[in-house]
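This is work_37.pdb (PDB, C-alpha atoms).
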ATOM      1  CA  MET A   1       0.000   0.000   0.000  1.00  0.00           C
ATOM      2  CA  PHE A   2       2.794   2.485   0.834  1.00  0.00           C
ATOM      3  CA  LYS A   3       5.780   3.150  -1.342  1.00  0.00           C
ATOM      4  CA  THR A   4       8.950   4.637   0.173  1.00  0.00           C
ATOM      5  CA  TYR A   5      11.719   6.365  -1.761  1.00  0.00           C
ATOM      6  CA  CYS A   6      14.467   8.875  -1.150  1.00  0.00           C
ATOM      7  CA  ARG A   7      14.542  12.122  -3.138  1.00  0.00           C
ATOM      8  CA  TYR A   8      16.785  15.093  -2.382  1.00  0.00           C
ATOM      9  CA  GLY A   9      17.779  13.471   0.908  1.00  0.00           C
ATOM     10  CA  PHE A  10      14.218  13.237   2.255  1.00  0.00           C
ATOM     11  CA  ILE A  11      12.289  10.031   2.800  1.00  0.00           C
ATOM     12  CA  LYS A  12       8.690  10.254   1.636  1.00  0.00           C
ATOM     13  CA  ASN A  13       5.812   7.862   2.015  1.00  0.00           C
ATOM     14  CA  LEU A  14       3.354   7.942  -0.854  1.00  0.00           C
ATOM     15  CA  LEU A  15      -0.050   6.408  -1.168  1.00  0.00           C
ATOM     16  CA  LYS A  16      -0.720   4.374  -4.252  1.00  0.00           C
ATOM     17  CA  TYR A  17      -1.885   6.631  -7.056  1.00  0.00           C
ATOM     18  CA  ASP A  18      -3.256   6.381 -10.571  1.00  0.00           C
ATOM     19  CA  GLU A  19      -1.619   8.106 -13.500  1.00  0.00           C
ATOM     20  CA  PHE A  20      -3.361   9.192 -16.691  1.00  0.00           C
ATOM     21  CA  SER A  21      -2.058  10.541 -19.960  1.00  0.00           C
ATOM     22  CA  PHE A  22      -4.115  12.502 -22.479  1.00  0.00           C
ATOM     23  CA  THR A  23      -3.781  15.151 -25.160  1.00  0.00           C
ATOM     24  CA  PHE A  24      -5.733  18.405 -25.332  1.00  0.00           C
ATOM     25  CA  ASP A  25      -5.630  21.772 -27.088  1.00  0.00           C
ATOM     26  CA  ALA A  26      -5.034  24.544 -24.573  1.00  0.00           C
ATOM     27  CA  GLU A  27      -5.962  28.153 -25.197  1.00  0.00           C
ATOM     28  CA  VAL A  28      -3.313  30.344 -23.596  1.00  0.00           C
ATOM     29  CA  PRO A  29      -3.181  34.129 -23.107  1.00  0.00           C
ATOM     30  CA  TYR A  30       0.022  34.587 -25.120  1.00  0.00           C
ATOM     31  CA  GLU A  31       1.664  33.903 -28.483  1.00  0.00           C
ATOM     32  CA  PHE A  32       4.767  31.747 -28.539  1.00  0.00           C
ATOM     33  CA  GLU A  33       7.349  33.243 -30.893  1.00  0.00           C
ATOM     34  CA  GLY A  34      10.118  30.761 -30.268  1.00  0.00           C
ATOM     35  CA  LEU A  35      13.339  31.706 -31.990  1.00  0.00           C
ATOM     36  CA  THR A  36      11.643  33.300 -35.001  1.00  0.00           C
ATOM     37  CA  LYS A  37      12.935  36.758 -34.023  1.00  0.00           C
ATOM     38  CA  GLY A  38      16.266  35.564 -32.632  1.00  0.00           C
ATOM     39  CA  GLN A  39      19.694  36.294 -34.050  1.00  0.00           C
ATOM     40  CA  ASP A  40      22.917  34.354 -33.851  1.00  0.00           C
ATOM     41  CA  LEU A  41      25.126  36.799 -31.956  1.00  0.00           C
ATOM     42  CA  ARG A  42      28.248  34.959 -33.107  1.00  0.00           C
ATOM     43  CA  LYS A  43      27.568  36.191 -36.647  1.00  0.00           C
ATOM     44  CA  LEU A  44      27.275  39.852 -35.658  1.00  0.00           C
ATOM     45  CA  ASN A  45      30.055  42.370 -35.154  1.00  0.00           C
ATOM     46  CA  GLN A  46      31.577  41.173 -31.860  1.00  0.00           C
ATOM     47  CA  GLU A  47      32.766  44.618 -30.846  1.00  0.00           C
ATOM     48  CA  LEU A  48      29.223  45.977 -31.239  1.00  0.00           C
ATOM     49  CA  VAL A  49      27.734  43.021 -29.327  1.00  0.00           C
ATOM     50  CA  ARG A  50      30.227  43.543 -26.499  1.00  0.00           C
ATOM     51  CA  LYS A  51      29.536  47.297 -26.447  1.00  0.00           C
ATOM     52  CA  LYS A  52      25.748  46.767 -26.266  1.00  0.00           C
ATOM     53  CA  ALA A  53      26.108  44.164 -23.500  1.00  0.00           C
ATOM     54  CA  VAL A  54      28.289  46.484 -21.408  1.00  0.00           C
ATOM     55  CA  GLU A  55      25.858  49.386 -21.957  1.00  0.00           C
ATOM     56  CA  PHE A  56      22.956  47.213 -20.836  1.00  0.00           C
ATOM     57  CA  TYR A  57      24.648  46.086 -17.615  1.00  0.00           C
ATOM     58  CA  GLU A  58      25.799  49.628 -16.866  1.00  0.00           C
ATOM     59  CA  MET A  59      22.177  50.733 -17.269  1.00  0.00           C
ATOM     60  CA  ILE A  60      21.063  48.010 -14.833  1.00  0.00           C
ATOM     61  CA  GLY A  61      23.715  49.153 -12.364  1.00  0.00           C
ATOM     62  CA  GLU A  62      22.507  52.756 -12.616  1.00  0.00           C
ATOM     63  CA  ILE A  63      18.917  51.641 -12.008  1.00  0.00           C
ATOM     64  CA  PHE A  64      19.960  49.930  -8.772  1.00  0.00           C
ATOM     65  CA  LEU A  65      22.296  52.717  -7.648  1.00  0.00           C
ATOM     66  CA  ASN A  66      19.550  55.304  -8.219  1.00  0.00           C
ATOM     67  CA  LYS A  67      16.919  52.994  -6.690  1.00  0.00           C
ATOM     68  CA  ASP A  68      14.729  53.741  -9.727  1.00  0.00           C
ATOM     69  CA  ILE A  69      11.850  51.314  -9.225  1.00  0.00           C
ATOM     70  CA  ASP A  70       9.947  52.685 -12.234  1.00  0.00           C
ATOM     71  CA  ALA A  71      12.827  51.983 -14.628  1.00  0.00           C
ATOM     72  CA  TRP A  72      13.334  48.502 -13.131  1.00  0.00           C
ATOM     73  CA  LEU A  73       9.648  47.648 -13.498  1.00  0.00           C
ATOM     74  CA  LYS A  74       9.533  48.919 -17.074  1.00  0.00           C
ATOM     75  CA  LEU A  75      12.416  46.612 -17.851  1.00  0.00           C
ATOM     76  CA  LYS A  76      11.559  43.530 -15.812  1.00  0.00           C
ATOM     77  CA  PHE A  77       7.859  43.353 -15.008  1.00  0.00           C
ATOM     78  CA  PRO A  78       6.292  42.955 -18.510  1.00  0.00           C
ATOM     79  CA  LEU A  79       8.263  39.804 -19.284  1.00  0.00           C
ATOM     80  CA  THR A  80       7.646  38.433 -15.801  1.00  0.00           C
ATOM     81  CA  THR A  81       3.880  38.966 -15.999  1.00  0.00           C
ATOM     82  CA  ARG A  82       3.793  37.328 -19.422  1.00  0.00           C
ATOM     83  CA  THR A  83       5.760  34.356 -18.140  1.00  0.00           C
ATOM     84  CA  MET A  84       3.684  34.088 -14.985  1.00  0.00           C
ATOM     85  CA  SER A  85       0.395  34.332 -16.890  1.00  0.00           C
ATOM     86  CA  SER A  86       1.416  31.264 -18.851  1.00  0.00           C
ATOM     87  CA  ALA A  87       1.732  29.477 -15.492  1.00  0.00           C
ATOM     88  CA  TYR A  88      -1.755  30.719 -14.540  1.00  0.00           C
ATOM     89  CA  VAL A  89      -0.659  32.455 -11.345  1.00  0.00           C
ATOM     90  CA  ASN A  90      -3.180  34.724  -9.678  1.00  0.00           C
ATOM     91  CA  SER A  91      -3.028  38.483  -9.225  1.00  0.00           C
ATOM     92  CA  GLN A  92      -2.064  38.123  -5.535  1.00  0.00           C
ATOM     93  CA  TYR A  93       1.091  36.266  -6.574  1.00  0.00           C
ATOM     94  CA  LEU A  94       1.946  39.030  -9.058  1.00  0.00           C
ATOM     95  CA  LYS A  95       1.401  41.661  -6.351  1.00  0.00           C
ATOM     96  CA  GLU A  96       3.792  39.811  -4.046  1.00  0.00           C
ATOM     97  CA  LEU A  97       6.296  39.580  -6.887  1.00  0.00           C
ATOM     98  CA  LEU A  98       5.998  43.321  -7.461  1.00  0.00           C
ATOM     99  CA  ASP A  99       6.693  43.893  -3.761  1.00  0.00           C
ATOM    100  CA  GLU A 100       9.803  41.690  -4.052  1.00  0.00           C
ATOM    101  CA  TYR A 101      11.041  43.786  -6.975  1.00  0.00           C
ATOM    102  CA  LYS A 102      10.542  46.928  -4.913  1.00  0.00           C
ATOM    103  CA  ASP A 103      12.424  45.398  -1.992  1.00  0.00           C
ATOM    104  CA  ASP A 104      15.275  44.419  -4.318  1.00  0.00           C
ATOM    105  CA  ILE A 105      15.679  47.994  -5.495  1.00  0.00           C
ATOM    106  CA  LYS A 106      15.211  49.628  -2.081  1.00  0.00           C
ATOM    107  CA  GLY A 107      17.595  47.229  -0.355  1.00  0.00           C
ATOM    108  CA  TYR A 108      20.434  47.680  -2.840  1.00  0.00           C
ATOM    109  CA  ASP A 109      23.464  49.573  -1.499  1.00  0.00           C
TER     110      ASP A 109
END
Please, can you express the file's structure as structure tokens?
Amino acid sequence: MFKTYCRYGFIKNLLKYDEFSFTFDAEVPYEFEGLTKGQDLRKLNQELVRKKAVEFYEMIGEIFLNKDIDAWLKLKFPLTTRTMSSAYVNSQYLKELLDEYKDDIKGYD
């Protein structure tokens, strides 16, 4: 009746369970683009790629140094909400995530 196994160093007892497999068409609140808009950065001018990468990380550093929550949210929150909506999280979870972002910025020294 019980099955015991060790996973990640913890012993767990599981009741017998049934497993089902089926296929369905899900309607999701987003469009998956995949790599259709991607570029192979190895084929681009490496000096330009390096320059753009450094500029981006300097911009991120300035956002944290200036504790600019608005700039951080403009950069980070749209992608996060899109990703989280695909996981069907509720608005309370997104609010808590927003609070975490604010704490990240405010706590940076």
To test your reading of the syntax: which residues would the PyMOL selection byres ((chain A and resi 82-84) around 12) return for the file shown? Reply as a ChimeraX atom specification.
/A:28-32,76-81,85-95,97
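Coordinates place atom CA of Lys37 of chain A at a distance of 28.2 Å from atom CA of Leu98 of chain A.
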Interatomic distance, atom CA of Asp68 of chain A to atom CA of Ala53 of chain A (Å, one decimal)
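So the two atoms, atom CA of Asp68 of chain A and atom CA of Ala53 of chain A, lie 20.3 Å apart.
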Take atom CA of Tyr101 of chain A and atom CA of Met59 of chain A and report the distance between them in Å, one decimal.
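Value for the atom CA of Tyr101 of chain A-atom CA of Met59 of chain A distance: 16.7 Å.
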Segment 16-33 of chain A, all listed atoms, 4 Å padding on each side: what axis-aligned box centre and edge lengths in Å to one decimal come out, as AutoDock Vina command-line options?
--center_x 0.7 --center_y 19.5 --center_z -17.6 --size_x 21.3 --size_y 38.2 --size_z 34.6
Given the file shown, enumerate the residues that the PyMOL selection byres ((chain A and resi 102) around 10) captures and present them as a PyMOL selection string.
chain A and resi 67-70+72-73+96-101+103-107
